[in-house]
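Peer 1: So I've got this file, protein00.txt, and it contains compact mmCIF, C-alpha atoms:
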# COMPACT_ATOMS: atom_id res chain seq x y z
CA MET A 708 -48.29 -43.30 24.09
CA ALA A 709 -45.59 -40.66 23.92
CA ARG A 710 -44.07 -39.60 27.19
CA GLU A 711 -44.45 -36.14 28.67
CA LEU A 712 -41.57 -33.76 29.23
CA ASP A 713 -41.25 -34.66 32.90
CA THR A 714 -39.72 -38.11 32.32
CA GLN A 715 -36.30 -38.55 33.88
CA GLU A 716 -34.33 -41.22 32.02
CA GLY A 717 -30.92 -40.40 30.52
CA VAL A 718 -30.23 -39.74 26.81
CA LYS A 719 -27.44 -38.99 24.39
CA VAL A 720 -27.12 -35.33 23.43
CA PRO A 721 -27.18 -34.83 19.65
CA ALA A 722 -24.70 -32.65 17.84
CA ASP A 723 -25.88 -29.55 16.04
CA GLY A 724 -25.95 -29.18 12.32
CA LYS A 725 -25.89 -32.91 11.39
CA GLY A 726 -22.42 -32.65 9.90
CA GLU A 727 -21.00 -30.85 12.89
CA SER A 728 -18.51 -33.09 14.65
CA GLU A 729 -16.84 -33.24 18.02
CA SER A 730 -13.47 -34.46 19.13
CA PRO A 731 -13.47 -37.88 20.85
CA ALA A 732 -12.43 -36.16 24.08
CA VAL A 733 -15.45 -33.86 23.94
CA ARG A 734 -17.76 -36.79 23.22
CA ARG A 735 -16.33 -38.85 26.09
CA GLU A 736 -16.71 -35.94 28.51
CA ARG A 737 -20.22 -35.24 27.36
CA SER A 738 -21.34 -38.86 27.59
CA SER A 739 -20.09 -39.09 31.18
CA PHE A 740 -23.10 -37.05 32.31
CA THR A 741 -25.70 -39.78 32.69
CA CYS A 742 -27.55 -39.04 35.94
CA PRO A 743 -31.27 -38.44 35.37
CA LEU A 744 -32.71 -35.04 36.29
CA ASP A 745 -36.10 -33.47 36.51
CA ARG A 746 -36.58 -30.06 34.90
CA ARG A 747 -35.89 -28.00 38.02
CA SER A 748 -32.71 -29.93 38.84
CA PHE A 749 -31.65 -29.75 35.19
CA LEU A 750 -31.52 -25.97 35.09
CA LYS A 751 -29.43 -25.81 38.24
CA CYS A 752 -27.05 -28.44 36.86
CA ALA A 753 -26.86 -26.78 33.43
CA LEU A 754 -25.90 -23.43 34.84
CA ALA A 755 -23.34 -24.95 37.20
CA SER A 756 -21.81 -27.09 34.44
CA GLY A 757 -21.61 -24.15 32.06
CA ALA A 758 -19.92 -21.97 34.65
CA ALA A 759 -17.40 -24.65 35.58
CA LEU A 760 -16.51 -25.81 32.08
CA GLY A 761 -16.92 -22.60 30.13
CA VAL A 762 -19.40 -24.38 27.83
CA CYS A 763 -22.98 -25.55 28.15
CA GLU A 764 -22.96 -28.45 25.71
CA PHE A 765 -22.24 -30.93 28.50
CA ALA A 766 -25.36 -30.02 30.48
CA GLN A 767 -28.06 -32.59 31.09
CA PRO A 768 -30.80 -32.88 28.44
CA LEU A 769 -34.07 -31.15 29.20
CA VAL A 770 -36.14 -33.83 27.49
CA ALA A 771 -34.90 -37.12 28.92
CA MET A 772 -35.36 -40.17 26.74
CA PRO A 773 -35.40 -43.81 27.86
CA PRO A 774 -32.28 -45.95 27.45
CA TRP A 775 -34.01 -48.44 25.16
CA ALA A 776 -34.44 -47.97 21.40
CA GLY A 777 -36.61 -49.31 18.59
CA PRO A 778 -40.25 -48.83 17.59
CA GLN A 779 -42.47 -47.64 20.44
CA LYS A 780 -46.23 -47.54 20.78
CA GLN A 781 -47.24 -43.88 20.63
CA ASP A 782 -50.51 -42.01 20.24
CA ASP A 783 -49.94 -40.96 16.64
CA SER A 784 -53.16 -38.95 16.35
CA ARG A 785 -51.89 -35.94 18.29
CA PHE A 786 -48.76 -35.74 16.11
CA THR A 787 -50.72 -35.94 12.81
CA VAL A 788 -51.53 -32.62 11.11
CA GLU A 789 -52.30 -31.92 7.47
CA ALA A 790 -49.19 -30.85 5.59
CA LYS A 791 -49.04 -27.36 4.09
CA PHE A 792 -46.91 -27.85 1.01
CA TYR A 793 -48.35 -30.38 -1.44
CA GLN A 794 -50.50 -30.74 -4.55
CA LYS A 795 -53.39 -33.20 -4.94
CA LEU A 796 -53.28 -35.47 -7.99
CA GLN A 797 -55.64 -38.03 -9.51
CA ASN A 798 -56.27 -41.46 -7.97
CA LYS A 799 -55.63 -40.19 -4.44
CA LYS A 800 -51.99 -39.43 -5.22
CA ILE A 801 -50.21 -36.26 -4.10
CA LYS A 802 -47.06 -34.39 -5.11
CA CYS A 803 -45.02 -32.98 -2.24
CA LYS A 804 -43.95 -29.37 -2.77
CA LEU A 805 -41.78 -29.02 0.33
CA CYS A 806 -38.33 -29.91 -1.01
CA PRO A 807 -36.83 -30.25 -4.51
CA ARG A 808 -37.46 -34.01 -4.59
CA GLU A 809 -41.16 -33.38 -5.27
CA CYS A 810 -42.07 -36.91 -4.21
CA THR A 811 -45.18 -38.32 -5.88
CA VAL A 812 -46.83 -40.34 -3.12
CA GLY A 813 -49.60 -42.88 -3.46
CA ASP A 814 -52.35 -43.55 -0.96
CA ARG A 815 -51.00 -44.97 2.35
CA GLU A 816 -47.42 -44.30 1.26
CA ARG A 817 -44.76 -41.87 2.50
CA GLY A 818 -42.27 -39.60 0.83
CA TYR A 819 -38.47 -39.89 0.91
CA CYS A 820 -38.20 -38.28 4.36
CA GLY A 821 -40.46 -40.92 5.91
CA VAL A 822 -42.33 -38.45 8.11
CA ARG A 823 -45.14 -37.37 5.74
CA GLU A 824 -47.88 -39.77 4.69
CA ASN A 825 -50.67 -39.77 2.12
CA ARG A 826 -53.96 -40.84 3.66
CA GLY A 827 -56.74 -41.05 1.11
CA GLY A 828 -55.36 -38.21 -1.00
CA THR A 829 -54.61 -35.88 1.91
CA TYR A 830 -50.97 -35.44 2.92
CA TYR A 831 -50.09 -35.40 6.61
CA THR A 832 -47.03 -34.64 8.67
CA LEU A 833 -46.56 -37.26 11.38
CA VAL A 834 -44.12 -35.24 13.49
CA HIS A 835 -46.01 -32.15 14.61
CA SER A 836 -45.08 -31.67 18.30
CA ARG A 837 -43.29 -35.06 18.21
CA VAL A 838 -40.01 -34.07 19.83
CA CYS A 839 -37.33 -36.76 20.00
CA ALA A 840 -34.54 -34.49 21.31
CA ALA A 841 -34.61 -31.21 23.21
CA HIS A 842 -31.77 -29.52 25.07
CA ILE A 843 -30.60 -26.14 26.25
CA ASP A 844 -27.56 -25.14 24.18
CA PRO A 845 -25.46 -22.02 23.87
CA ILE A 846 -26.37 -20.22 20.65
CA GLU A 847 -22.70 -20.53 19.62
CA LYS A 848 -23.17 -24.30 19.28
CA LYS A 849 -25.50 -23.90 16.31
CA PRO A 850 -23.09 -22.23 15.34
CA LEU A 851 -24.44 -18.70 15.21
CA PHE A 852 -21.66 -16.27 16.12
CA HIS A 853 -23.32 -13.00 15.14
CA TYR A 854 -26.70 -13.68 16.72
CA LEU A 855 -27.20 -12.80 20.42
CA PRO A 856 -23.80 -14.21 21.50
CA GLY A 857 -23.59 -15.59 25.00
CA THR A 858 -27.28 -16.51 25.18
CA LEU A 859 -29.00 -19.90 25.39
CA ALA A 860 -31.28 -21.58 22.87
CA PHE A 861 -34.03 -24.08 23.67
CA SER A 862 -33.11 -26.61 20.95
CA LEU A 863 -35.37 -29.35 19.64
CA ALA A 864 -35.81 -31.88 16.85
CA THR A 865 -38.18 -34.43 15.44
CA ALA A 866 -37.20 -37.55 13.48
CA GLY A 867 -36.49 -37.43 9.76
CA CYS A 868 -34.46 -35.76 7.02
CA ASN A 869 -34.75 -35.18 3.29
CA VAL A 870 -31.13 -36.12 2.51
CA ASN A 871 -28.77 -38.85 3.73
CA CYS A 872 -25.34 -37.37 4.45
CA LYS A 873 -22.75 -40.10 4.85
CA PHE A 874 -21.11 -38.13 7.68
CA CYS A 875 -24.26 -37.39 9.69
CA GLN A 876 -23.66 -37.26 13.44
CA ASN A 877 -27.33 -37.63 14.26
CA TRP A 878 -28.20 -40.38 11.80
CA ASP A 879 -30.04 -42.33 14.51
CA ILE A 880 -32.81 -39.72 14.48
CA SER A 881 -32.39 -38.11 11.06
CA GLN A 882 -32.59 -41.42 9.19
CA ALA A 883 -35.35 -42.92 11.35
CA ARG A 884 -39.08 -42.97 10.91
CA PRO A 885 -41.00 -41.23 13.69
CA GLU A 886 -42.40 -44.46 15.16
CA GLN A 887 -38.86 -45.85 15.52
CA VAL A 888 -37.70 -43.09 17.87
CA PRO A 889 -38.95 -42.42 21.43
CA ALA A 890 -40.65 -39.03 21.46
CA ASP A 891 -42.35 -36.53 23.73
CA TYR A 892 -45.48 -34.53 23.04
CA ALA A 893 -44.41 -30.88 23.03
CA PRO A 894 -47.05 -28.60 21.48
CA PRO A 895 -45.95 -25.10 20.40
CA LYS A 896 -47.21 -23.21 23.46
CA MET A 897 -45.42 -25.68 25.74
CA VAL A 898 -42.15 -25.13 23.85
CA ALA A 899 -42.50 -21.36 24.19
CA ALA A 900 -43.28 -21.69 27.90
CA LEU A 901 -40.29 -23.96 28.50
CA ALA A 902 -37.99 -21.56 26.68
CA ARG A 903 -39.15 -18.72 28.92
CA GLN A 904 -38.98 -20.88 32.04
CA HIS A 905 -35.33 -21.65 31.36
CA ASP A 906 -34.33 -18.11 30.35
CA CYS A 907 -33.75 -18.99 26.69
CA PRO A 908 -34.46 -15.98 24.46
CA THR A 909 -34.46 -18.28 21.42
CA ILE A 910 -35.97 -21.56 20.21
CA ALA A 911 -33.65 -23.43 17.83
CA TYR A 912 -34.88 -26.07 15.37
CA THR A 913 -31.91 -28.34 14.77
CA TYR A 914 -30.24 -31.78 15.19
CA SER A 915 -32.18 -33.59 12.42
CA GLU A 916 -33.61 -31.55 9.50
CA PRO A 917 -36.19 -28.84 10.19
CA VAL A 918 -37.28 -28.77 6.54
CA VAL A 919 -39.29 -31.94 7.17
CA PHE A 920 -41.05 -30.58 10.26
CA SER A 921 -41.84 -27.16 8.79
CA GLU A 922 -45.46 -27.11 9.97
CA TYR A 923 -44.39 -27.62 13.58
CA LEU A 924 -41.55 -25.13 13.22
CA MET A 925 -43.94 -22.47 11.96
CA ASP A 926 -46.47 -23.02 14.76
CA ALA A 927 -43.75 -23.09 17.43
CA ALA A 928 -42.25 -19.88 16.05
CA ASP A 929 -45.65 -18.17 16.21
CA ALA A 930 -46.14 -19.32 19.80
CA GLY A 931 -42.64 -18.19 20.66
CA HIS A 932 -43.08 -14.74 19.16
CA GLU A 933 -46.31 -14.29 21.12
CA ALA A 934 -44.29 -15.01 24.27
CA GLY A 935 -41.39 -12.76 23.28
CA ILE A 936 -39.13 -15.67 22.24
CA HIS A 937 -37.14 -15.64 18.99
CA SER A 938 -36.68 -18.58 16.60
CA VAL A 939 -33.64 -19.78 14.63
CA VAL A 940 -33.24 -22.75 12.32
CA VAL A 941 -30.24 -24.98 11.58
CA SER A 942 -30.94 -26.41 8.14
CA ASN A 943 -29.52 -28.00 5.00
CA GLY A 944 -31.44 -25.43 2.92
CA TYR A 945 -32.71 -28.16 0.57
CA MET A 946 -36.15 -26.64 0.19
CA GLN A 947 -38.50 -25.27 -2.44
CA ASP A 948 -38.74 -21.51 -2.76
CA GLU A 949 -42.35 -21.04 -1.65
CA ALA A 950 -41.94 -23.33 1.36
CA LEU A 951 -38.70 -21.57 2.29
CA LYS A 952 -40.28 -18.14 2.19
CA THR A 953 -43.32 -19.28 4.17
CA ALA A 954 -41.60 -21.37 6.86
CA TYR A 955 -38.22 -19.68 7.25
CA GLY A 956 -39.90 -16.32 6.86
CA LYS A 957 -40.93 -16.84 10.49
CA MET A 958 -37.31 -17.30 11.61
CA ASP A 959 -35.19 -14.57 13.20
CA ALA A 960 -31.94 -16.15 11.98
CA VAL A 961 -30.89 -19.08 9.79
CA LYS A 962 -27.79 -21.26 9.71
CA ILE A 963 -27.32 -23.22 6.50
CA ASP A 964 -25.07 -26.26 6.14
CA LEU A 965 -23.47 -25.83 2.73
CA LYS A 966 -22.05 -29.33 2.41
CA ALA A 967 -19.72 -28.68 -0.54
CA PHE A 968 -19.44 -26.60 -3.68
CA THR A 969 -19.81 -29.36 -6.29
CA GLU A 970 -22.86 -31.20 -7.59
CA SER A 971 -20.93 -34.48 -7.55
CA TYR A 972 -20.39 -34.26 -3.78
CA TYR A 973 -24.06 -33.54 -3.20
CA LYS A 974 -25.04 -36.49 -5.40
CA ASP A 975 -22.59 -39.02 -3.94
CA VAL A 976 -22.16 -37.96 -0.31
CA VAL A 977 -25.34 -36.04 0.54
CA VAL A 978 -27.91 -37.65 -1.79
CA GLY A 979 -29.21 -34.24 -2.75
CA GLU A 980 -28.43 -31.29 -5.04
CA LEU A 981 -26.27 -28.20 -4.69
CA LYS A 982 -28.20 -25.69 -6.80
CA PRO A 983 -31.39 -25.59 -4.68
CA VAL A 984 -29.25 -24.86 -1.61
CA LEU A 985 -27.47 -22.00 -3.36
CA ASP A 986 -30.85 -20.69 -4.52
CA ALA A 987 -32.13 -20.88 -0.94
CA LEU A 988 -29.18 -18.82 0.30
CA VAL A 989 -29.89 -16.15 -2.31
CA THR A 990 -33.58 -16.13 -1.33
CA LEU A 991 -32.69 -15.72 2.36
CA ARG A 992 -30.45 -12.81 1.41
CA LYS A 993 -33.31 -11.16 -0.48
CA MET A 994 -35.57 -11.75 2.55
CA ASN A 995 -32.98 -9.93 4.70
CA LYS A 996 -32.74 -12.91 7.07
CA TRP A 997 -29.61 -13.03 9.21
CA THR A 998 -27.78 -16.07 7.79
CA GLU A 999 -24.57 -17.87 8.63
CA ILE A 1000 -22.98 -20.70 6.65
CA VAL A 1001 -21.18 -23.84 7.84
CA TYR A 1002 -18.92 -25.80 5.51
CA LEU A 1003 -17.79 -29.14 6.98
CA VAL A 1004 -14.36 -29.83 5.45
CA VAL A 1005 -14.06 -33.55 4.67
CA PRO A 1006 -10.53 -34.72 3.74
CA THR A 1007 -10.12 -35.67 0.05
CA LEU A 1008 -13.79 -35.02 -0.75
CA ASN A 1009 -14.38 -31.25 -0.57
CA ASP A 1010 -11.07 -29.75 0.58
CA SER A 1011 -9.42 -28.47 -2.61
CA ASP A 1012 -8.15 -24.93 -3.03
CA ALA A 1013 -10.32 -24.59 -6.14
CA GLU A 1014 -13.44 -25.46 -4.19
CA PHE A 1015 -12.59 -23.12 -1.31
CA GLY A 1016 -11.91 -20.31 -3.76
CA GLY A 1017 -15.02 -20.93 -5.81
CA LEU A 1018 -17.15 -21.01 -2.69
CA ALA A 1019 -15.70 -17.74 -1.36
CA ARG A 1020 -16.15 -15.96 -4.69
CA TRP A 1021 -19.74 -17.16 -4.98
CA ILE A 1022 -20.56 -15.95 -1.46
CA LYS A 1023 -18.93 -12.57 -2.12
CA THR A 1024 -20.83 -12.10 -5.38
CA ASN A 1025 -24.23 -13.43 -4.35
CA LEU A 1026 -24.48 -12.83 -0.59
CA GLY A 1027 -21.88 -10.19 0.23
CA VAL A 1028 -18.67 -10.13 2.26
CA ASP A 1029 -20.34 -9.88 5.67
CA VAL A 1030 -21.98 -13.33 5.78
CA PRO A 1031 -20.14 -15.38 8.44
CA VAL A 1032 -18.63 -18.60 7.09
CA HIS A 1033 -17.54 -21.42 9.42
CA PHE A 1034 -15.04 -23.98 8.09
CA THR A 1035 -15.43 -26.86 10.53
CA GLN A 1036 -13.43 -29.95 11.32
CA PHE A 1037 -14.73 -33.36 10.25
CA HIS A 1038 -14.63 -36.35 12.59
CA PRO A 1039 -15.34 -39.88 11.26
CA GLU A 1040 -19.00 -40.81 11.76
CA TYR A 1041 -21.86 -42.87 10.32
CA LEU A 1042 -20.84 -44.07 6.82
CA LEU A 1043 -17.58 -42.11 6.55
CA LYS A 1044 -15.47 -43.76 9.23
CA ASN A 1045 -12.63 -44.53 6.82
CA LEU A 1046 -11.46 -40.91 6.53
CA PRO A 1047 -9.20 -39.06 8.99
CA ILE A 1048 -10.03 -36.01 11.08
CA THR A 1049 -9.57 -32.82 9.07
CA PRO A 1050 -6.03 -31.47 9.69
CA VAL A 1051 -6.07 -28.02 11.25
CA PRO A 1052 -3.75 -26.66 8.49
CA THR A 1053 -6.43 -27.59 5.94
CA LEU A 1054 -8.98 -25.49 7.82
CA GLU A 1055 -6.47 -22.65 8.07
CA ARG A 1056 -5.86 -22.90 4.31
CA ALA A 1057 -9.62 -22.66 3.67
CA LYS A 1058 -9.83 -19.58 5.89
CA ALA A 1059 -6.81 -17.95 4.25
CA ILE A 1060 -8.34 -18.42 0.79
CA ALA A 1061 -11.69 -16.98 1.91
CA ASP A 1062 -9.92 -14.08 3.64
CA ALA A 1063 -7.96 -13.36 0.48
CA GLU A 1064 -11.20 -13.24 -1.51
CA GLY A 1065 -12.37 -10.47 0.82
CA LEU A 1066 -14.83 -12.21 3.15
CA HIS A 1067 -14.92 -10.37 6.48
CA TYR A 1068 -15.96 -13.05 8.97
CA VAL A 1069 -14.37 -16.44 8.37
CA TYR A 1070 -14.23 -18.86 11.32
CA ILE A 1071 -12.67 -22.23 12.08
CA GLY A 1072 -14.96 -24.62 13.96
CA ASN A 1073 -14.59 -27.76 16.07
CA VAL A 1074 -11.04 -26.75 17.06
CA PRO A 1075 -11.34 -25.49 20.66
CA GLY A 1076 -9.02 -22.63 21.50
CA HIS A 1077 -8.21 -21.71 17.90
CA PRO A 1078 -7.96 -17.91 17.49
CA ALA A 1079 -10.17 -18.12 14.39
CA GLN A 1080 -13.14 -18.79 16.69
CA ASN A 1081 -13.01 -15.15 17.77
CA THR A 1082 -14.59 -12.23 15.93
CA TYR A 1083 -12.30 -9.45 14.71
CA CYS A 1084 -13.08 -6.05 13.28
CA PRO A 1085 -12.51 -6.17 9.49
CA LYS A 1086 -11.19 -2.58 9.53
CA CYS A 1087 -8.89 -2.23 12.57
CA HIS A 1088 -8.49 -6.00 13.19
CA ARG A 1089 -9.01 -5.70 16.96
CA MET A 1090 -10.69 -8.65 18.68
CA LEU A 1091 -14.36 -7.91 19.37
CA VAL A 1092 -15.73 -11.24 20.61
CA GLU A 1093 -13.55 -13.79 22.39
CA ARG A 1094 -14.84 -17.37 22.53
CA VAL A 1095 -13.81 -20.27 24.73
CA GLY A 1096 -15.46 -23.47 23.54
CA PHE A 1097 -19.12 -22.60 23.02
CA THR A 1098 -18.99 -19.59 25.34
CA ALA A 1099 -18.59 -15.96 24.34
CA SER A 1100 -16.26 -15.04 27.20
CA ARG A 1101 -15.76 -11.40 26.17
CA MET A 1102 -18.04 -9.15 24.11
CA LEU A 1103 -16.77 -5.71 23.10
CA ILE A 1104 -19.23 -4.82 20.31
CA ARG A 1105 -21.31 -1.79 21.26
CA LYS A 1106 -24.53 -0.88 19.44
CA GLY A 1107 -23.51 -3.08 16.53
CA SER A 1108 -20.13 -1.41 16.00
CA CYS A 1109 -16.46 -1.79 16.84
CA PRO A 1110 -15.73 0.34 19.94
CA PHE A 1111 -12.22 1.14 18.65
CA CYS A 1112 -12.83 2.39 15.09
CA HIS A 1113 -16.66 2.46 15.01
CA GLU A 1114 -16.86 0.13 12.00
CA PRO A 1115 -20.36 -1.47 11.84
CA VAL A 1116 -20.34 -5.21 12.58
CA PRO A 1117 -23.36 -6.87 10.95
CA GLY A 1118 -25.39 -9.24 13.11
CA VAL A 1119 -28.02 -9.29 15.86
CA TRP A 1120 -26.36 -8.02 19.00
CA HIS A 1121 -27.39 -7.05 22.51
CA ALA A 1122 -28.22 -3.42 23.13
Please render this file's structure as structure tokens.
Peer 2:
Amino acid sequence: MARELDTQEGVKVPADGKGESESPAVRRERSSFTCPLDRRSFLKCALASGAALGVCEFAQPLVAMPPWAGPQKQDDSRFTVEAKFYQKLQNKKIKCKLCPRECTVGDRERGYCGVRENRGGTYYTLVHSRVCAAHIDPIEKKPLFHYLPGTLAFSLATAGCNVNCKFCQNWDISQARPEQVPADYAPPKMVAALARQHDCPTIAYTYSEPVVFSEYLMDAADAGHEAGIHSVVVSNGYMQDEALKTAYGKMDAVKIDLKAFTESYYKDVVVGELKPVLDALVTLRKMNKWTEIVYLVVPTLNDSDAEFGGLARWIKTNLGVDVPVHFTQFHPEYLLKNLPITPVPTLERAKAIADAEGLHYVYIGNVPGHPAQNTYCPKCHRMLVERVGFTASRMLIRKGSCPFCHEPVPGVWHA
């Protein structure tokens, strides 16, 4: 049976955004926090750690998992809910309509993601309320830089993913089947209540791939909105149009991992496709959803000037110049341990190319202390948001505008 949220064993803290990496020093410091905490002690520790370090990523996990791994006996029935996006076929087969793979699944079989199963011609998600990781993170860790900066997000994930990125930081949950990962039962109203209890104005769906737990995401977002809590999603955007509009239509902000700007990279490194992700970004733009983009720069694979330029021009033409773009540093992980860390000059080159194409908000990520983590006014070039690690240490934007020249700064800001 799955454990409740009050368990107290220690657990590794996942990274956000799957491809988001950390420096070895950050990972060592983070992993040094191993003492178990109950929920009340956790909040006190989280706030103290954040104040002392200037970041909150090192805080203890809210949902504590046991130190052992492998398949666990769990009460699957309470995690099993009929899926929303599928088509019934003959002979008890179904066709999944959630992501572009459109898996045709026979009776008692599962789709590519491993978390949705055909039972007698009815398709079920096996991960509704089946939370394998949940933590309180700064919103900047997602990263969302133009969405309620300086606030906390109650962040959670279930097992599973619909791609297999060779650089995935959270492969141990994203590439696992639900029964292989220890999980807690966290129904939507409980998630909303926990977010409020810990002063998190936002629930974030992240770490693995929220596409594959869309039913849970939608129900949790509804429960959150009823309690006055927002919802944001950190996603690969590899999703069919109808499912995207229905599920992500309930989100208050979206961060999309745009892995590269070539189909060959998506085929060889991601095991997916580029075009559906680009289409998803255009759809989100038409839906007027606040969206930010992360591009993990992997040495020799997606770091050419031509690709940076093509990406920037496509964003400018299809999404506009005000969409924040984060060029982030790669660290060797999972199946790509043979490549070096992305040189900072490469990230600076990517930013310079995007700046030259006219994009207004281009950031460099995973490089603590770099000035390109701050937000600057595109008109007068004064600094408007100063960031230290994952903390917005100074916020000068007033009523959505630059206080110096009154240029509007798009985003979702405090009053």
Peer 1: Could you give me, as a PDB file with C-alpha atoms, in the frame of the given file, the residues within 9 Å of A:Ala1061, counting only C-alpha atoms and dropping anything in the same chain fewer than 5 positions from it?
Peer 2:
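Once everything was written out, this is around11.pdb:
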ATOM      1  CA  PHE A1015     -12.590 -23.120  -1.310  1.00  0.00           C
ATOM      2  CA  GLY A1016     -11.910 -20.310  -3.760  1.00  0.00           C
ATOM      3  CA  LEU A1018     -17.150 -21.010  -2.690  1.00  0.00           C
ATOM      4  CA  ALA A1019     -15.700 -17.740  -1.360  1.00  0.00           C
ATOM      5  CA  ARG A1020     -16.150 -15.960  -4.690  1.00  0.00           C
ATOM      6  CA  VAL A1032     -18.630 -18.600   7.090  1.00  0.00           C
ATOM      7  CA  ARG A1056      -5.860 -22.900   4.310  1.00  0.00           C
ATOM      8  CA  LEU A1066     -14.830 -12.210   3.150  1.00  0.00           C
ATOM      9  CA  HIS A1067     -14.920 -10.370   6.480  1.00  0.00           C
ATOM     10  CA  VAL A1069     -14.370 -16.440   8.370  1.00  0.00           C
TER      11      VAL A1069
END
Peer 1: Of the residues A:Pro845, A:Pro885, A:Gly956, A:Pro1078, which is the one nearest to A:Ile910, using all atoms listed in the file?
Peer 2: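 Using all atoms listed in the file, A:Ile910 sits closest to A:Pro845.
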Peer 1: Residues of stretch 895-995 of chain A that approach stretch 807-820 of chain A to 8 Å or less, counting all atoms listed in the file: could you list each one with the shortest pair of atoms and its distance in Å to one decimal, rows by chain and increasing residue number, as a tab-separated table?
Peer 2:
residue	atom	partner	partner_atom	distance
A:Val919	CA	A:Cys820	CA	7.0
A:Tyr945	CA	A:Pro807	CA	6.9
A:Met946	CA	A:Pro807	CA	6.0
A:Gln947	CA	A:Pro807	CA	5.6
A:Pro983	CA	A:Pro807	CA	7.2
Peer 1: With all atoms listed in the file as the atoms that count, which of A:Phe852, A:Phe861, A:Phe920, A:Phe874 lies nearest to A:Ser938?
Peer 2: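 Nearest to A:Ser938: A:Phe861.
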Peer 1: What separation in Å, quoted to one decimal, exists between atom CA of A:Ala927 and atom CA of A:Leu951?
Peer 2: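 Between atom CA of A:Ala927 and atom CA of A:Leu951 the gap is 16.0 Å.
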